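Notes for the one structure printed next.
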There are 2 protein chains.
Amino acid sequence: MHRYTPVAHIKSEHIPRATIQRLAVYVQVLENLKRDGTEVISSEHLARICAVNPSQIRKDLAYFGEFGVRGVGYYIEDLISAIKKSLGVDRTWNCALVGVGNLGRALLRHKECRTRGFNIVGVFDCDPFKIGEILAGQEVICSRRLVEKVKELDIEIGIITTPPERAQRAANYLVDAGIKGIVNFAPTRLSVPEEVEVEYVDFFHNFFNVAFKITLRELPNG
Amino acid sequence: MHRYTPVAHIKSEHIPRATIQRLAVYVQVLENLKRDGTEVISSEHLARICAVNPSQIRKDLAYFGEFGVRGVGYYIEDLISAIKKSLGVDRTWNCALVGVGNLGRALLRHKECRTRGFNIVGVFDCDPFKIGEILAGQEVICSRRLVEKVKELDIEIGIITTPPERAQRAANYLVDAGIKGIVNFAPTRLSVPEEVEVEYVDFFHNFFNVAFKITLRELPNG
DNA sequence: GGCCTAATGTGAAATATTGGACAACCCGGC
DNA sequence: GCCGGGTTGTCCAATATTTCACATTAGGCC
């Protein structure tokens, strides 16, 4: 089964952001294939599923090491592990959720957070009516107590699900608490020190994309 | 106030996907600025907020027309309209939601869908226990009836929020119904005919991104 | 009305990413 | 142990995107 040990070398070259995005897609596809019982896959086959070029895949993987077997392809299970390790998601990350609205509650209920390694270990809000409420087994804590709690619970990532007008304040609390990264679901840009990584999530951007692509097609010149 | 009428020319050049993504960000930022009462902005100021290069912004906009005023900048209200029109989101799009789980329910409750012009006018599921249930004023309909309903309700976009194993079947129904685009929240790639546009949404990709960026920073060589 | 300031729109240079081609090499069969 | 089919890893060319630099022009002031 595991006839081959992947070798990671992590060249300290710059890695394109697009590569990281694609690696996440590869993991998704590979996990589905694994679930269906496939054990080995070639870059060509994987490429067809992901709608990318086969050399693209080989190159993306090459940034991190040699995970394939010439003449054979990639052992799916090993490849999943190798990619996850490369991306830093072969471990768990403790997260703080700030803002208990619709979206925040949905995330708390979403079991996949835990299976993917992102454990929400602290839930915060500034609304006195919400503080003390128990959600998915966790007590909602006042956002002002972020500094103490982040240290106590060893939290590295903050998830902002507040309304836009309160997102920056939430970010400030998180930064003061010494968080390393923020995933911001609020539709605002944040201003944070350079050493804090921010990712913006707004699925209306995806809706815009579809709308645009449909609009383009329906233009006179196709 | 509106001293200038934007001129759109929509060059039929290829437009980079990254440009479309950024335009969506510009709209987000501009709408927040407008809410705060700002009326005019320069590419330099907008660039600082969005953390991009000013010429990047000017070039992105240039794909679609000349929306600025030399020596002055951009009139925010006009610019928002111009970008939205360019992206095809200056109108409403009727959408079908397929799959009534946690995420589907959250989207239905999410008022912003409507304000952004994406109206969910049909809700579908294949679970007999869910069919007939009323959610946010809408009756859950059997997925098999998609073909008739899509035509009846003039639906152009499908939103898939089923579990991964049922996503492809949902996509098939939508394709048969003659849908133009799909936003897929299920963690699977879909196989659809070339004329249907698909956008994949998986915010764990964003979590992966943060995790990776933090991991990189903590590497010995920084 | 002409001049000055300021910020756009755009061609050209720099940079980054992608795709193609092929040598390297693994595995199974003989 | 060697040979052939098959697929990777990687170099290089092609393409795409970003950034720079500046000519152009709108608007305000005298």
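For the structure tokens, the naming scheme is as follows: chains receive sequential letters (A, B, ...) according to their order of presentation, residues are indexed from 1 within each chain, and ligands are indexed from 1 in presentation order.
Using only C-alpha atoms (C1' of nucleotides), the residues found no farther than 8 Å from range 99-114 of chain A, other than those of its own chain fewer than 5 positions away, are Asn119, Ile120, Val123, Phe124, Asp125, Cys126, Lys130, Leu135, Ala136, Ile160, Thr161, Thr162 and Pro163 of chain A; Asn102, Leu103, Ala106, Arg109, His110 and Phe204 of chain B.
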Write out as a CSV table (one decimal) with N, CA and C atoms, in the first residue's frame every residue belonging to chain A that has an atom at most 7 Å from any atom of chain D, counting only C-alpha atoms (C1' of nucleotides).
chain,number,residue,atom,x,y,z
A,68,GLY,N,5.3,12.0,-5.8
A,68,GLY,CA,4.8,11.0,-6.8
A,68,GLY,C,5.8,9.9,-7.0
A,69,VAL,N,5.3,8.9,-7.8
A,69,VAL,CA,6.2,7.8,-8.2
A,69,VAL,C,6.1,7.8,-9.7
A,70,ARG,N,7.3,7.9,-10.4
A,70,ARG,CA,7.3,8.0,-11.8
A,70,ARG,C,6.8,6.6,-12.4
A,71,GLY,N,6.1,6.7,-13.4
A,71,GLY,CA,5.5,5.6,-14.0
A,71,GLY,C,4.2,5.1,-13.3
A,72,VAL,N,3.9,5.6,-12.2
A,72,VAL,CA,2.8,5.1,-11.4
A,72,VAL,C,1.8,6.3,-11.2
A,73,GLY,N,2.2,7.3,-10.6
A,73,GLY,CA,1.3,8.4,-10.2
A,73,GLY,C,1.5,8.8,-8.7
**Nearest to chain C by atom-to-atom distance, counting only C-alpha atoms (C1' of nucleotides), from A:Val98, A:Leu46, A:Ile57, A:Leu23** =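 Smallest separation from chain C among the options: A:Ile57.
For chain C, the residues within 9 Å of chain B are DT5, DA6, DA7, DT8, DG9 and DT10 of chain C, with only C-alpha atoms (C1' of nucleotides) used to measure distance.
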**Message:** Residues of chain A within 6 Å of chain B, counting only C-alpha atoms - could you list those as a PyMOL selection string?
**Reply:** chain A and resi 24+87-88+205+211-212+215
DSSP strand (DSSP E) residues within range 9-205 of chain B, as a tab-separated table (two decimals) with N, CA, C and O atoms, in the first residue's frame:
chain	number	residue	atom	x	y	z
B	40	VAL	N	-15.97	61.53	-3.11
B	40	VAL	CA	-14.96	61.40	-4.15
B	40	VAL	C	-13.76	60.66	-3.58
B	40	VAL	O	-13.45	60.82	-2.40
B	41	ILE	N	-13.10	59.87	-4.41
B	41	ILE	CA	-11.90	59.18	-3.94
B	41	ILE	C	-10.90	59.04	-5.08
B	41	ILE	O	-11.29	58.91	-6.23
B	65	GLY	N	-14.24	50.97	-19.07
B	65	GLY	CA	-14.58	52.32	-19.49
B	65	GLY	C	-13.76	53.36	-18.76
B	65	GLY	O	-12.81	53.03	-18.06
B	66	GLU	N	-14.12	54.59	-18.95
B	66	GLU	CA	-13.45	55.69	-18.26
B	66	GLU	C	-14.43	56.27	-17.26
B	66	GLU	O	-15.38	56.95	-17.63
B	74	TYR	N	-12.52	59.74	-8.50
B	74	TYR	CA	-13.74	59.05	-8.90
B	74	TYR	C	-14.89	59.49	-7.99
B	74	TYR	O	-14.73	59.53	-6.77
B	75	TYR	N	-16.04	59.80	-8.60
B	75	TYR	CA	-17.25	60.05	-7.82
B	75	TYR	C	-17.78	58.70	-7.36
B	75	TYR	O	-18.14	57.86	-8.18
B	93	TRP	N	-31.08	38.79	-9.96
B	93	TRP	CA	-30.96	37.46	-10.54
B	93	TRP	C	-31.82	36.52	-9.71
B	93	TRP	O	-31.66	36.45	-8.49
B	94	ASN	N	-32.71	35.79	-10.37
B	94	ASN	CA	-33.51	34.81	-9.63
B	94	ASN	C	-32.70	33.54	-9.43
B	94	ASN	O	-32.08	33.04	-10.36
B	95	CYS	N	-32.71	33.05	-8.18
B	95	CYS	CA	-31.89	31.89	-7.84
B	95	CYS	C	-32.73	30.76	-7.26
B	95	CYS	O	-33.76	31.01	-6.62
B	96	ALA	N	-32.27	29.54	-7.50
B	96	ALA	CA	-32.86	28.36	-6.86
B	96	ALA	C	-31.87	27.84	-5.83
B	96	ALA	O	-30.68	27.69	-6.14
B	97	LEU	N	-32.34	27.59	-4.62
B	97	LEU	CA	-31.48	27.00	-3.60
B	97	LEU	C	-31.78	25.51	-3.52
B	97	LEU	O	-32.93	25.11	-3.33
B	98	VAL	N	-30.76	24.69	-3.69
B	98	VAL	CA	-30.97	23.24	-3.63
B	98	VAL	C	-30.22	22.68	-2.44
B	98	VAL	O	-28.99	22.76	-2.38
B	118	PHE	N	-29.53	38.99	-5.46
B	118	PHE	CA	-29.67	37.56	-5.72
B	118	PHE	C	-30.88	37.04	-4.94
B	118	PHE	O	-30.78	36.74	-3.76
B	119	ASN	N	-32.01	36.98	-5.62
B	119	ASN	CA	-33.27	36.58	-4.98
B	119	ASN	C	-33.46	35.08	-5.04
B	119	ASN	O	-33.52	34.51	-6.12
B	120	ILE	N	-33.58	34.49	-3.87
B	120	ILE	CA	-33.86	33.05	-3.84
B	120	ILE	C	-35.37	32.89	-3.97
B	120	ILE	O	-36.11	33.19	-3.04
B	121	VAL	N	-35.80	32.46	-5.14
B	121	VAL	CA	-37.25	32.39	-5.40
B	121	VAL	C	-37.76	30.95	-5.39
B	121	VAL	O	-38.95	30.72	-5.53
B	122	GLY	N	-36.85	29.99	-5.23
B	122	GLY	CA	-37.28	28.60	-5.15
B	122	GLY	C	-36.35	27.82	-4.24
B	122	GLY	O	-35.13	28.00	-4.29
B	123	VAL	N	-36.92	26.99	-3.35
B	123	VAL	CA	-36.12	26.22	-2.40
B	123	VAL	C	-36.41	24.73	-2.61
B	123	VAL	O	-37.58	24.33	-2.58
B	124	PHE	N	-35.37	23.94	-2.82
B	124	PHE	CA	-35.57	22.54	-3.19
B	124	PHE	C	-34.78	21.60	-2.29
B	124	PHE	O	-33.73	21.96	-1.77
B	125	ASP	N	-35.32	20.40	-2.10
B	125	ASP	CA	-34.61	19.36	-1.37
B	125	ASP	C	-35.19	18.02	-1.81
B	125	ASP	O	-36.29	17.96	-2.35
B	134	ILE	N	-42.08	25.18	5.47
B	134	ILE	CA	-42.01	26.58	5.04
B	134	ILE	C	-40.80	27.24	5.69
B	134	ILE	O	-40.65	27.22	6.90
B	135	LEU	N	-39.93	27.80	4.87
B	135	LEU	CA	-38.70	28.42	5.36
B	135	LEU	C	-38.61	29.83	4.82
B	135	LEU	O	-38.59	30.03	3.60
B	138	GLN	N	-40.97	30.48	2.24
B	138	GLN	CA	-40.98	29.70	1.01
B	138	GLN	C	-41.16	28.21	1.31
B	138	GLN	O	-40.53	27.68	2.21
B	139	GLU	N	-41.96	27.56	0.47
B	139	GLU	CA	-42.19	26.13	0.65
B	139	GLU	C	-41.07	25.34	0.00
B	139	GLU	O	-40.66	25.64	-1.12
B	140	VAL	N	-40.56	24.36	0.73
B	140	VAL	CA	-39.52	23.49	0.17
B	140	VAL	C	-40.16	22.54	-0.84
B	140	VAL	O	-41.14	21.85	-0.53
B	141	ILE	N	-39.61	22.52	-2.05
B	141	ILE	CA	-40.16	21.74	-3.15
B	141	ILE	C	-39.23	20.58	-3.48
B	141	ILE	O	-38.02	20.67	-3.31
B	142	CYS	N	-39.81	19.49	-3.96
B	142	CYS	CA	-39.02	18.31	-4.34
B	142	CYS	C	-38.07	18.65	-5.50
B	142	CYS	O	-38.47	19.24	-6.49
B	157	ILE	N	-29.83	31.17	-11.87
B	157	ILE	CA	-28.68	30.70	-11.10
B	157	ILE	C	-29.12	29.67	-10.07
B	157	ILE	O	-30.15	29.85	-9.40
B	158	GLY	N	-28.36	28.59	-9.95
B	158	GLY	CA	-28.63	27.58	-8.94
B	158	GLY	C	-27.60	27.64	-7.83
B	158	GLY	O	-26.42	27.88	-8.08
B	159	ILE	N	-28.06	27.46	-6.60
B	159	ILE	CA	-27.14	27.47	-5.45
B	159	ILE	C	-27.21	26.08	-4.84
B	159	ILE	O	-28.27	25.65	-4.39
B	160	ILE	N	-26.08	25.38	-4.81
B	160	ILE	CA	-26.07	24.02	-4.27
B	160	ILE	C	-25.53	24.03	-2.85
B	160	ILE	O	-24.39	24.43	-2.62
B	181	GLY	N	-25.97	29.31	-14.52
B	181	GLY	CA	-24.79	29.28	-13.66
B	181	GLY	C	-25.10	28.61	-12.34
B	181	GLY	O	-26.26	28.53	-11.92
B	182	ILE	N	-24.04	28.10	-11.70
B	182	ILE	CA	-24.20	27.40	-10.42
B	182	ILE	C	-23.18	27.94	-9.43
B	182	ILE	O	-22.01	28.13	-9.77
B	183	VAL	N	-23.64	28.20	-8.21
B	183	VAL	CA	-22.72	28.48	-7.11
B	183	VAL	C	-22.76	27.27	-6.20
B	183	VAL	O	-23.79	26.97	-5.61
B	184	ASN	N	-21.64	26.57	-6.13
B	184	ASN	CA	-21.60	25.29	-5.43
B	184	ASN	C	-20.90	25.40	-4.08
B	184	ASN	O	-19.69	25.60	-4.02
B	197	GLU	N	-21.87	27.98	-16.19
B	197	GLU	CA	-20.78	28.55	-15.40
B	197	GLU	C	-20.87	28.05	-13.96
B	197	GLU	O	-21.94	28.09	-13.37
B	198	VAL	N	-19.75	27.58	-13.42
B	198	VAL	CA	-19.76	27.10	-12.03
B	198	VAL	C	-18.77	27.90	-11.19
B	198	VAL	O	-17.66	28.18	-11.64
B	199	GLU	N	-19.19	28.28	-10.00
B	199	GLU	CA	-18.30	28.90	-9.02
B	199	GLU	C	-18.29	28.03	-7.78
B	199	GLU	O	-19.35	27.62	-7.30
B	200	TYR	N	-17.12	27.76	-7.28
B	200	TYR	CA	-17.00	26.93	-6.09
B	200	TYR	C	-16.75	27.80	-4.87
B	200	TYR	O	-15.91	28.69	-4.91
**Asked** To one decimal place, how far is CA of Ala170 in chain A from CA of Asp127 in chain A in Å?
**Response**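 That distance, rounded to one decimal, is 12.5 Å.
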**Request:** State, in Å with one decimal place, the distance from CA of Glu152 in chain A to CA of Glu133 in chain A.
**Result:**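 Interatomic distance, CA of Glu152 in chain A to CA of Glu133 in chain A: 20.3 Å.
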**Prompt:** Expressed in Å to a single decimal, how great is the separation between CA of Asp176 in chain A and CA of Val147 in chain A?
**Reply:** 6.6 Å
**Message:** Could you go through range 5-205 of chain B and tell me which residues DSSP, when run on the backbone, assigns to helix (DSSP H, G or I), listing them as a VMD selection string?
**Reply:** chain B and resid 17 to 35 43 to 50 54 to 62 76 to 87 102 to 109 112 to 115 143 to 153 164 to 176 204 to 205
